[in-house]
file entry-v4.cif (mmCIF, C-alpha atoms)
data_my_file
loop_
_atom_site.label_atom_id
_atom_site.label_comp_id
_atom_site.auth_asym_id
_atom_site.auth_seq_id
_atom_site.Cartn_x
_atom_site.Cartn_y
_atom_site.Cartn_z
CA MET B 1 9.55 -23.62 -0.19
CA MET B 2 11.74 -20.86 -1.61
CA LYS B 3 8.79 -19.34 -3.48
CA LEU B 4 6.76 -19.31 -0.26
CA LEU B 5 9.49 -17.67 1.79
CA LEU B 6 10.10 -15.06 -0.87
CA THR B 7 6.39 -14.30 -1.07
CA ILE B 8 6.23 -13.82 2.70
CA PHE B 9 9.14 -11.42 2.53
CA LEU B 10 7.63 -9.32 -0.23
CA VAL B 11 4.20 -9.17 1.36
CA SER B 12 5.73 -7.93 4.60
CA LEU B 13 6.76 -4.76 2.77
CA CYS B 14 3.27 -3.39 3.25
CA PHE B 15 2.77 -4.25 6.88
CA ILE B 16 4.75 -1.51 8.52
CA SER B 17 2.84 1.22 6.74
CA ASN B 18 -0.59 -0.23 7.29
CA SER B 19 -0.88 -1.95 10.63
CA GLN B 20 -2.33 -0.21 13.66
CA GLY B 21 0.96 -1.19 15.34
CA TYR B 22 2.90 1.14 13.05
CA GLN B 23 0.37 3.81 12.26
CA VAL B 24 1.72 7.02 13.76
CA ASN B 25 -1.02 8.94 15.59
CA PHE B 26 1.22 11.88 16.50
CA GLN B 27 -0.15 14.86 14.60
CA GLY B 28 -0.70 17.49 17.32
CA GLN B 29 0.68 17.80 20.85
CA LYS B 30 -2.51 19.18 22.41
CA GLN B 31 -4.52 16.35 20.89
CA GLN B 32 -1.86 13.78 21.78
CA GLY B 33 -2.21 14.73 25.42
CA MET B 34 -5.93 13.92 25.05
CA ALA B 35 -5.38 10.50 23.35
CA SER B 36 -5.53 12.17 19.90
CA ALA B 37 -9.10 13.40 20.41
CA GLY B 38 -9.73 16.92 19.11
CA SER B 39 -11.47 16.94 15.72
CA ALA B 40 -14.29 19.00 17.31
CA LEU B 41 -11.93 21.16 19.39
CA PRO B 42 -9.96 23.67 17.28
CA GLN B 43 -7.03 25.00 19.32
CA ASP B 44 -4.16 25.59 16.92
CA ALA B 45 -2.90 24.90 13.40
CA SER B 46 -2.90 21.12 13.95
CA SER B 47 -6.59 21.31 12.99
CA VAL B 48 -5.23 21.22 9.44
CA PHE B 49 -4.88 17.47 10.06
CA PHE B 50 -7.68 16.80 12.56
CA ASN B 51 -10.41 18.86 10.85
CA PRO B 52 -9.72 21.20 7.91
CA GLY B 53 -13.11 22.85 8.48
CA ALA B 54 -12.20 23.85 12.03
CA ILE B 55 -9.35 26.17 11.01
CA GLY B 56 -12.04 28.67 10.02
CA PHE B 57 -12.83 29.10 13.73
CA LEU B 58 -9.25 29.71 14.87
CA GLU B 59 -8.97 33.28 16.17
CA LYS B 60 -5.27 33.77 15.39
CA SER B 61 -2.85 32.73 12.69
CA SER B 62 -0.08 30.43 13.91
CA LEU B 63 2.87 28.23 13.07
CA SER B 64 3.83 25.07 14.96
CA ILE B 65 6.72 22.61 14.86
CA ALA B 66 6.54 19.31 16.79
CA VAL B 67 8.44 16.06 17.20
CA THR B 68 7.59 12.92 19.18
CA PRO B 69 10.55 10.58 19.85
CA THR B 70 9.13 7.06 20.01
CA PHE B 71 10.75 4.29 22.05
CA ALA B 72 9.35 0.85 21.20
CA ASN B 73 10.56 -2.58 22.32
CA THR B 74 9.12 -5.98 21.40
CA LEU B 75 9.86 -9.32 23.06
CA PHE B 76 9.13 -12.56 21.16
CA GLU B 77 8.70 -15.86 23.04
CA GLU B 78 8.56 -18.88 20.73
CA SER B 79 5.85 -21.44 21.41
CA GLY B 80 7.08 -24.81 22.69
CA THR B 81 10.64 -23.65 23.37
CA ASN B 82 12.54 -21.33 25.69
CA ASN B 83 13.75 -19.22 22.77
CA THR B 84 13.27 -15.47 23.06
CA ALA B 85 14.30 -12.49 20.96
CA ARG B 86 14.07 -8.71 21.24
CA THR B 87 14.02 -5.83 18.83
CA GLU B 88 16.96 -3.44 18.58
CA SER B 89 15.04 -0.68 16.84
CA PRO B 90 16.33 2.91 16.75
CA VAL B 91 14.26 5.74 18.20
CA GLY B 92 11.48 6.85 15.87
CA THR B 93 11.07 10.57 15.19
CA PRO B 94 7.61 11.37 13.76
CA PHE B 95 7.22 15.12 13.25
CA SER B 96 4.70 17.70 12.13
CA VAL B 97 4.77 21.26 10.84
CA TYR B 98 1.51 23.24 10.59
CA GLY B 99 0.45 26.73 9.69
CA ASN B 100 -2.94 28.47 9.57
CA PHE B 101 -3.57 31.93 8.12
CA LYS B 102 -6.51 34.32 7.86
CA ARG B 103 -6.44 37.59 5.91
CA SER B 104 -8.76 39.44 8.30
CA GLU B 105 -11.23 38.79 11.09
CA LYS B 106 -14.12 39.38 8.70
CA SER B 107 -12.82 37.00 6.03
CA LYS B 108 -14.83 33.81 5.59
CA PHE B 109 -11.82 32.01 4.14
CA ALA B 110 -8.93 30.56 6.10
CA TYR B 111 -5.88 28.73 4.80
CA GLY B 112 -3.54 26.12 6.15
CA ILE B 113 -0.55 23.95 5.37
CA GLY B 114 0.49 20.69 6.97
CA ILE B 115 3.61 18.53 6.68
CA TYR B 116 3.34 15.43 8.84
CA THR B 117 4.23 11.72 9.15
CA PRO B 118 1.18 9.53 9.84
CA PHE B 119 3.01 6.35 8.77
CA GLY B 120 6.62 5.37 9.34
CA SER B 121 8.96 3.50 11.64
CA THR B 122 12.01 1.27 11.81
CA ILE B 123 11.91 -2.17 13.38
CA GLN B 124 15.05 -4.29 13.67
CA TRP B 125 15.37 -7.71 15.33
CA GLU B 126 18.52 -9.01 16.99
CA ALA B 127 20.85 -11.15 14.89
CA GLY B 128 20.06 -14.84 14.59
CA TRP B 129 16.53 -14.65 15.97
CA GLU B 130 13.99 -17.39 15.15
CA GLY B 131 12.01 -15.23 12.73
CA ARG B 132 14.93 -13.92 10.68
CA TYR B 133 13.58 -15.73 7.59
CA ALA B 134 10.37 -13.73 7.96
CA MET B 135 12.01 -10.36 8.74
CA LYS B 136 15.35 -8.94 9.83
CA ARG B 137 14.94 -5.17 9.44
CA LEU B 138 12.22 -2.90 8.08
CA GLU B 139 12.49 0.86 7.66
CA LEU B 140 9.77 3.11 6.29
CA SER B 141 9.38 6.86 5.99
CA ALA B 142 6.22 8.51 4.63
CA ILE B 143 5.67 12.27 4.57
CA PHE B 144 2.31 13.91 3.82
CA PHE B 145 2.04 17.43 2.35
CA GLN B 146 -1.39 19.06 2.70
CA PRO B 147 -2.35 22.57 1.50
CA THR B 148 -5.79 23.37 2.96
CA ILE B 149 -8.65 25.84 2.63
CA SER B 150 -11.62 26.43 4.92
CA TYR B 151 -14.84 28.38 4.34
CA LYS B 152 -16.94 29.69 7.22
CA ILE B 153 -20.53 29.34 6.06
CA SER B 154 -21.98 31.01 9.14
CA LYS B 155 -21.16 31.82 12.74
CA LYS B 156 -21.78 28.16 13.55
CA ILE B 157 -20.59 26.09 10.57
CA ALA B 158 -17.37 25.85 8.56
CA VAL B 159 -16.20 23.37 5.95
CA GLY B 160 -12.70 22.65 4.72
CA ALA B 161 -10.60 20.38 2.57
CA GLY B 162 -6.98 19.77 1.75
CA PHE B 163 -5.19 18.05 -1.12
CA VAL B 164 -2.71 15.41 0.08
CA TYR B 165 0.52 14.47 -1.68
CA THR B 166 2.52 11.67 -0.10
CA THR B 167 6.11 10.66 -0.68
CA GLY B 168 8.00 7.87 1.06
CA LYS B 169 10.85 5.38 1.07
CA VAL B 170 11.12 1.79 2.23
CA ASN B 171 13.95 -0.65 2.94
CA LEU B 172 13.23 -4.22 3.98
CA GLN B 173 15.72 -7.01 4.73
CA LYS B 174 15.35 -10.68 5.61
CA ASN B 175 17.51 -13.76 5.61
CA ILE B 176 16.92 -16.62 3.17
CA PRO B 177 17.52 -20.19 4.47
CA ILE B 178 20.44 -20.77 2.09
CA GLN B 179 23.98 -20.83 3.46
CA ASP B 180 27.20 -19.97 1.67
CA ALA B 181 30.47 -21.86 2.14
CA SER B 182 31.11 -20.03 5.44
CA GLY B 183 27.65 -20.89 6.81
CA GLN B 184 26.21 -17.37 6.45
CA ASP B 185 22.55 -16.98 5.50
CA ALA B 186 21.67 -15.49 2.16
CA LEU B 187 20.07 -12.04 2.28
CA ALA B 188 17.17 -10.44 0.42
CA GLU B 189 16.64 -6.68 0.37
CA LEU B 190 13.87 -4.53 -1.12
CA SER B 191 14.20 -0.78 -1.39
CA GLY B 192 12.34 1.88 -3.26
CA SER B 193 10.46 5.15 -3.30
CA ALA B 194 6.69 5.58 -3.35
CA LYS B 195 4.20 8.37 -3.90
CA GLY B 196 0.45 8.80 -3.70
CA PHE B 197 -2.41 11.29 -3.66
CA GLY B 198 -5.55 11.83 -1.60
CA PHE B 199 -7.50 14.42 0.35
CA ASN B 200 -8.54 15.40 3.88
CA SER B 201 -11.92 17.06 4.51
CA GLY B 202 -14.06 18.12 7.43
CA ILE B 203 -17.12 19.92 8.77
CA TYR B 204 -17.11 21.81 12.06
CA PHE B 205 -20.38 22.75 13.78
CA ASN B 206 -20.31 25.09 16.77
CA ALA B 207 -23.75 24.02 18.03
CA THR B 208 -23.86 26.09 21.23
CA SER B 209 -21.50 28.02 23.45
CA LYS B 210 -20.67 24.69 25.11
CA TRP B 211 -21.16 21.96 22.48
CA SER B 212 -19.31 21.47 19.20
CA LEU B 213 -19.53 18.64 16.67
CA ALA B 214 -17.34 17.47 13.79
CA LEU B 215 -17.36 15.07 10.86
CA THR B 216 -14.12 14.41 8.96
CA TYR B 217 -12.97 12.11 6.18
CA ARG B 218 -9.41 11.29 5.19
CA SER B 219 -9.30 9.43 1.90
CA ARG B 220 -7.45 6.25 1.06
CA VAL B 221 -4.01 6.89 -0.45
CA ASN B 222 -2.46 4.36 -2.81
CA MET B 223 1.31 4.48 -2.46
CA GLU B 224 2.72 3.47 -5.84
CA VAL B 225 6.18 1.85 -5.99
CA ASN B 226 7.01 1.83 -9.71
CA ASP B 227 10.78 1.48 -9.77
CA GLY B 228 11.85 -0.40 -6.64
CA THR B 229 15.08 -2.41 -6.46
CA ALA B 230 15.22 -6.03 -5.27
CA THR B 231 18.71 -7.23 -4.33
CA PHE B 232 19.52 -10.86 -3.49
CA THR B 233 22.84 -11.87 -1.92
CA VAL B 234 22.96 -15.65 -2.56
CA PRO B 235 25.62 -18.22 -3.46
CA GLU B 236 26.87 -17.81 -7.01
CA SER B 237 25.25 -21.07 -8.10
CA LEU B 238 21.78 -19.65 -7.27
CA GLN B 239 22.15 -16.14 -8.66
CA SER B 240 20.24 -17.03 -11.81
CA ASN B 241 17.30 -18.15 -9.62
CA PHE B 242 17.26 -14.85 -7.71
CA PRO B 243 18.25 -12.11 -10.18
CA SER B 244 18.48 -8.64 -8.69
CA GLY B 245 16.30 -6.16 -10.54
CA LYS B 246 13.28 -3.87 -10.49
CA PHE B 247 9.82 -4.42 -9.03
CA SER B 248 6.56 -2.48 -8.71
CA SER B 249 3.76 -2.56 -6.18
CA SER B 250 0.84 -0.57 -4.80
CA LEU B 251 0.60 0.02 -1.06
CA PRO B 252 -2.84 1.28 0.06
CA LEU B 253 -3.10 3.48 3.17
CA PRO B 254 -6.59 3.34 4.70
CA GLN B 255 -9.43 5.83 4.67
CA VAL B 256 -10.57 7.21 8.03
CA LEU B 257 -14.03 8.55 8.90
CA THR B 258 -14.28 10.44 12.21
CA ILE B 259 -17.28 11.57 14.23
CA ALA B 260 -16.34 13.85 17.11
CA THR B 261 -17.72 16.10 19.80
CA ALA B 262 -16.37 18.46 22.45
CA TYR B 263 -18.06 19.90 25.53
CA LYS B 264 -16.93 22.99 27.45
CA CYS B 265 -18.22 22.56 30.99
CA ASN B 266 -16.95 26.00 32.02
CA GLU B 267 -13.91 28.22 31.54
CA LYS B 268 -11.62 25.55 32.97
CA TRP B 269 -12.87 22.10 31.88
CA ILE B 270 -13.23 20.75 28.32
CA PHE B 271 -14.02 17.14 27.30
CA ALA B 272 -13.45 15.70 23.82
CA LEU B 273 -14.44 12.44 22.12
CA ASP B 274 -13.40 11.13 18.68
CA ILE B 275 -14.63 7.89 17.09
CA ASN B 276 -12.61 6.68 14.09
CA ALA B 277 -13.87 4.17 11.52
CA ILE B 278 -10.77 2.91 9.69
CA GLY B 279 -10.89 1.19 6.31
CA TRP B 280 -8.30 -1.52 6.89
CA LYS B 281 -10.29 -3.91 4.63
CA ALA B 282 -8.41 -2.38 1.70
CA TYR B 283 -5.67 -4.89 2.57
CA ASP B 284 -7.48 -8.00 1.40
CA THR B 285 -4.83 -8.76 -1.25
CA LEU B 286 -1.30 -7.51 -1.87
CA GLY B 287 0.53 -7.92 -5.16
CA PHE B 288 4.10 -7.52 -6.45
CA ASP B 289 5.31 -7.48 -10.06
CA TYR B 290 8.93 -8.09 -11.13
CA ALA B 291 10.67 -6.90 -14.24
CA GLN B 292 12.41 -10.30 -14.48
CA ASN B 293 10.78 -13.56 -13.43
CA THR B 294 12.27 -17.02 -12.84
CA ALA B 295 10.95 -20.32 -11.50
CA SER B 296 11.85 -19.07 -7.99
CA LEU B 297 11.02 -15.40 -8.46
CA VAL B 298 7.42 -15.03 -9.63
CA ASP B 299 4.86 -12.24 -9.43
CA THR B 300 2.87 -12.70 -6.23
CA ARG B 301 -0.70 -12.22 -5.03
CA SER B 302 -1.21 -12.88 -1.33
CA ALA B 303 -4.40 -12.71 0.75
CA ARG B 304 -4.12 -10.56 3.90
CA MET B 305 -7.75 -10.54 5.09
CA TYR B 306 -7.47 -7.32 7.14
CA LYS B 307 -10.73 -6.11 8.64
CA ASN B 308 -12.23 -2.66 9.16
CA THR B 309 -11.90 -1.40 12.72
CA LEU B 310 -12.97 1.30 15.17
CA ALA B 311 -10.94 3.44 17.53
CA PHE B 312 -12.38 5.41 20.47
CA ARG B 313 -10.45 8.40 21.83
CA THR B 314 -11.46 10.57 24.76
CA GLY B 315 -9.62 13.28 26.65
CA VAL B 316 -9.99 16.14 29.09
CA GLN B 317 -8.34 19.55 29.32
CA PHE B 318 -8.10 21.65 32.49
CA GLN B 319 -7.08 25.30 32.42
CA LEU B 320 -5.02 25.60 35.58
CA ASN B 321 -4.40 29.34 35.17
CA LYS B 322 -3.81 31.91 32.45
CA ILE B 323 -0.47 30.31 31.57
CA ILE B 324 -0.76 26.53 32.06
CA SER B 325 -3.31 23.98 30.86
CA LEU B 326 -3.23 20.27 31.72
CA ARG B 327 -4.49 17.26 29.71
CA ALA B 328 -5.11 13.52 30.00
CA GLY B 329 -6.71 10.90 27.79
CA ILE B 330 -7.30 7.25 27.01
CA ALA B 331 -7.89 5.52 23.67
CA PHE B 332 -9.03 2.04 22.70
CA GLY B 333 -8.07 0.74 19.25
CA MET B 334 -9.14 -2.51 17.62
CA SER B 335 -6.53 -4.46 15.68
CA PRO B 336 -7.15 -5.05 11.95
CA VAL B 337 -4.86 -8.10 11.96
CA GLN B 338 -6.86 -11.32 12.16
CA SER B 339 -5.65 -14.54 13.76
CA GLY B 340 -3.21 -16.38 11.53
CA TYR B 341 -1.78 -13.20 10.00
CA VAL B 342 0.34 -11.75 12.82
CA THR B 343 3.92 -11.08 11.66
CA PRO B 344 7.13 -9.71 13.20
CA GLU B 345 6.34 -6.42 11.44
CA THR B 346 2.83 -6.24 12.95
CA PRO B 347 2.71 -7.99 16.34
CA ASP B 348 -0.55 -6.09 16.75
CA ALA B 349 -3.48 -6.50 19.14
CA ASN B 350 -6.38 -4.55 20.57
CA ARG B 351 -4.82 -1.83 22.67
CA LEU B 352 -5.30 0.89 25.25
CA ASN B 353 -3.25 4.08 24.92
CA TYR B 354 -2.71 6.24 28.01
CA THR B 355 -1.72 9.87 27.52
CA THR B 356 -1.09 13.08 29.40
CA GLY B 357 0.24 16.52 28.55
CA PHE B 358 0.35 20.24 29.24
CA SER B 359 0.74 23.64 27.56
CA ALA B 360 2.55 26.71 28.83
CA LYS B 361 2.37 30.22 27.38
CA ILE B 362 5.71 31.97 26.91
CA GLY B 363 5.00 35.63 26.37
CA PRO B 364 2.32 37.08 24.08
CA HIS B 365 3.20 35.02 20.98
CA PHE B 366 4.89 31.76 21.93
CA SER B 367 3.65 28.66 23.71
CA LEU B 368 5.09 25.25 24.51
CA ASP B 369 3.11 21.99 24.26
CA ALA B 370 4.20 18.61 25.62
CA SER B 371 2.65 15.15 25.77
CA VAL B 372 3.47 11.56 26.75
CA LEU B 373 1.92 8.31 25.48
CA PHE B 374 2.32 4.80 26.88
CA THR B 375 0.86 1.54 25.61
CA HIS B 376 1.39 -2.17 26.32
CA ILE B 377 0.44 -4.79 23.71
CA GLU B 378 0.39 -8.61 23.85
CA ARG B 379 -0.49 -11.00 21.01
CA THR B 380 -0.07 -14.77 20.65
CA ASP B 381 -0.51 -16.31 17.20
CA THR B 382 0.74 -18.82 14.64
CA ASN B 383 1.29 -17.33 11.20
CA LEU B 384 -0.40 -19.43 8.53
CA GLU B 385 2.31 -18.84 5.92
CA THR B 386 5.56 -18.91 7.88
CA ASN B 387 4.37 -21.08 10.82
CA LEU B 388 6.19 -18.66 13.14
CA SER B 389 4.40 -19.24 16.43
CA GLY B 390 4.71 -17.44 19.72
CA LYS B 391 3.87 -14.47 21.89
CA PHE B 392 4.78 -10.88 21.06
CA THR B 393 4.91 -8.34 23.91
CA THR B 394 5.41 -4.68 22.98
CA ASN B 395 5.85 -1.56 25.11
CA VAL B 396 5.78 1.91 23.58
CA LEU B 397 6.75 5.21 25.26
CA ALA B 398 6.41 8.41 23.23
CA PRO B 399 7.14 11.85 24.74
CA GLY B 400 6.40 14.78 22.43
CA LEU B 401 7.17 18.48 22.27
CA ALA B 402 5.91 21.39 20.15
CA ILE B 403 6.65 25.10 19.83
CA ILE B 404 3.83 27.34 18.61
CA TYR B 405 4.02 30.93 17.39
CA GLN B 406 0.76 32.91 17.16
CA PHE B 407 0.40 36.21 15.32
#
call {"tool": "encode", "arguments": {"input": "entry-v4.cif", "output": "structure tokens"}}
result
Amino acid sequence: MMKLLLTIFLVSLCFISNSQGYQVNFQGQKQQGMASAGSALPQDASSVFFNPGAIGFLEKSSLSIAVTPTFANTLFEESGTNNTARTESPVGTPFSVYGNFKRSEKSKFAYGIGIYTPFGSTIQWEAGWEGRYAMKRLELSAIFFQPTISYKISKKIAVGAGFVYTTGKVNLQKNIPIQDASGQDALAELSGSAKGFGFNSGIYFNATSKWSLALTYRSRVNMEVNDGTATFTVPESLQSNFPSGKFSSSLPLPQVLTIATAYKCNEKWIFALDINAIGWKAYDTLGFDYAQNTASLVDTRSARMYKNTLAFRTGVQFQLNKIISLRAGIAFGMSPVQSGYVTPETPDANRLNYTTGFSAKIGPHFSLDASVLFTHIERTDTNLETNLSGKFTTNVLAPGLAIIYQF
């Protein structure tokens, strides 16, 4: 029993970084207002993320800084009882910093830099909740650094690519069903740093004065934890069974292939559509290796059985006047988490995201972008390993703001 519970705890380390429920799709305020569609619609330096090829078609160099405070609350209702529990998670703060530069109007090369947070969150459940032996608190931060170059092949086509370096930290806590003399649960905690490498590439095709097309590919990134620390607070008589020490693991972040298009109806209306194919199947098995093993603390290999999924994002932009533009969008995302594998870290389900936003020019160089996202998620499941059974209901509200300087 103890081996099983410990295995569940260690496997849950990966969930927050990989689930759709905790993937952070906040990489550009204009795109966020259009449900994160915009790979075929270059508007500012955030194209460094959405389509490295498209930065070759940006008319001006620019710098942007954005943050999207994220308010998420989950309610758990246990099956067969009246027991309920809520999360007490702090506000998430995903951010992005982008820059795009071009030496001259005639230059075929353009350059960009991106610093952004596509994975990361903190989820914390109230004390004493029914699933505390599966998870008590989970905190993850992952920052991507992406230098980028784009080459404009012709007046219609540009290609681009960026090298990605990722660094992150994780801290995960859960209770162990062992009580000390005062009746307090034992505690397990995993913490460590991770790093990984990958790339982001894209092709932008300006087919006509109205139509544009895009194809992008973001590679899988394996986040390597080579020197993590596992700490177990247990009664003294069991310390030899749960020795604190080092561990290593590999946390894969999925590849994403995007096909996109944008259509400019006239000077005021623009429509955009992105279709993402996401390689969640990389999470078929998760493993953890410990520097010191015991009969209770063994290296683990656990099947996760994630599946590849699709996400559909569509949005519209309306140029109200020379200063203000308005946006709205809707996105449908399929959950990679199959029945029997829902956890407190990933109470995930197929979802609809609703977004809106606007931009306002402030003088000849500055502009302000804002967006708001709302989503409601419900999922009922019985976890095959922990037998935690019930309904998870999650609401997410995420207002975002960016300042852009063009030169």
call {"tool": "residues_around", "arguments": {"input": "entry-v4.cif", "residues": "Ile65 in chain B", "least_positions_apart": "4", "cutoff": "7 Å", "atoms": "all atoms listed in the file", "output": "number ranges by chain"}}
result
B: 96-98, 402-404
call {"tool": "residues_around", "arguments": {"input": "entry-v4.cif", "residues": "range 306-309 of chain B", "least_positions_apart": "3", "cutoff": "9 Å", "atoms": "only C-alpha atoms", "output": "ChimeraX atom specification"}}
result
/B:276-285,303,333-338,341
call {"tool": "resolve_selection", "arguments": {"input": "entry-v4.cif", "expression": "the PyMOL selection byres ((chain B and resi 148) around 7)", "output": "PyMOL selection string"}}
result
chain B and resi 48+52+111-113+146-147+149-150+161-163
call {"tool": "atom_distance", "arguments": {"input": "entry-v4.cif", "atom1": "CA of Leu310 in chain B", "atom2": "CA of Ile259 in chain B"}}
result
11.2 Å
call {"tool": "residues_around", "arguments": {"input": "entry-v4.cif", "residues": "Ile176 in chain B", "least_positions_apart": "2", "cutoff": "7 Å", "atoms": "only C-alpha atoms", "output": "mmCIF file with C-alpha atoms, in the frame of the given file"}}
result
data_model
loop_
_atom_site.group_PDB
_atom_site.id
_atom_site.type_symbol
_atom_site.label_atom_id
_atom_site.label_comp_id
_atom_site.auth_asym_id
_atom_site.auth_seq_id
_atom_site.Cartn_x
_atom_site.Cartn_y
_atom_site.Cartn_z
ATOM 1 C CA TYR B 133 13.580 -15.730 7.590
ATOM 2 C CA LYS B 174 15.350 -10.680 5.610
ATOM 3 C CA ILE B 178 20.440 -20.770 2.090
ATOM 4 C CA ASP B 185 22.550 -16.980 5.500
ATOM 5 C CA ALA B 186 21.670 -15.490 2.160
ATOM 6 C CA LEU B 187 20.070 -12.040 2.280
ATOM 7 C CA ALA B 188 17.170 -10.440 0.420
#
call {"tool": "build_atoms", "arguments": {"input": "entry-v4.cif", "residues": "range 200-219 of chain B", "atoms": "N, CA and C atoms", "output": "compact mmCIF listing (two decimals), keeping the file's coordinate frame"}}
result
# COMPACT_ATOMS: atom_id res chain seq x y z
N ASN B 200 -8.09 15.35 2.49
CA ASN B 200 -8.54 15.40 3.88
C ASN B 200 -9.63 16.47 3.95
N SER B 201 -10.81 16.13 4.48
CA SER B 201 -11.92 17.06 4.51
C SER B 201 -12.63 17.03 5.85
N GLY B 202 -13.37 18.09 6.15
CA GLY B 202 -14.06 18.12 7.43
C GLY B 202 -15.12 19.19 7.52
N ILE B 203 -16.07 18.97 8.43
CA ILE B 203 -17.12 19.92 8.77
C ILE B 203 -17.05 20.18 10.27
N TYR B 204 -17.09 21.44 10.64
CA TYR B 204 -17.11 21.81 12.06
C TYR B 204 -18.40 22.56 12.35
N PHE B 205 -19.10 22.15 13.42
CA PHE B 205 -20.38 22.75 13.78
C PHE B 205 -20.31 23.20 15.23
N ASN B 206 -20.33 24.51 15.44
CA ASN B 206 -20.31 25.09 16.77
C ASN B 206 -21.76 25.22 17.25
N ALA B 207 -22.31 24.11 17.76
CA ALA B 207 -23.75 24.02 18.03
C ALA B 207 -24.23 25.03 19.05
N THR B 208 -23.52 25.13 20.17
CA THR B 208 -23.86 26.09 21.23
C THR B 208 -22.57 26.65 21.80
N SER B 209 -22.71 27.47 22.81
CA SER B 209 -21.50 28.02 23.45
C SER B 209 -20.72 26.93 24.17
N LYS B 210 -21.33 25.78 24.40
CA LYS B 210 -20.67 24.69 25.11
C LYS B 210 -20.37 23.49 24.21
N TRP B 211 -21.30 23.16 23.29
CA TRP B 211 -21.16 21.96 22.48
C TRP B 211 -20.62 22.28 21.09
N SER B 212 -19.75 21.41 20.59
CA SER B 212 -19.31 21.47 19.20
C SER B 212 -19.26 20.05 18.64
N LEU B 213 -19.49 19.94 17.34
CA LEU B 213 -19.53 18.64 16.67
C LEU B 213 -18.65 18.70 15.42
N ALA B 214 -18.20 17.52 14.98
CA ALA B 214 -17.34 17.47 13.79
C ALA B 214 -17.54 16.16 13.05
N LEU B 215 -17.38 16.24 11.73
CA LEU B 215 -17.36 15.07 10.86
C LEU B 215 -16.21 15.25 9.88
N THR B 216 -15.27 14.30 9.85
CA THR B 216 -14.12 14.41 8.96
C THR B 216 -13.94 13.13 8.17
N TYR B 217 -13.26 13.28 7.03
CA TYR B 217 -12.97 12.11 6.18
C TYR B 217 -11.60 12.28 5.56
N ARG B 218 -10.71 11.35 5.85
CA ARG B 218 -9.41 11.29 5.19
C ARG B 218 -9.44 10.14 4.20
N SER B 219 -9.15 10.42 2.96
CA SER B 219 -9.30 9.43 1.90
C SER B 219 -8.20 8.37 1.94
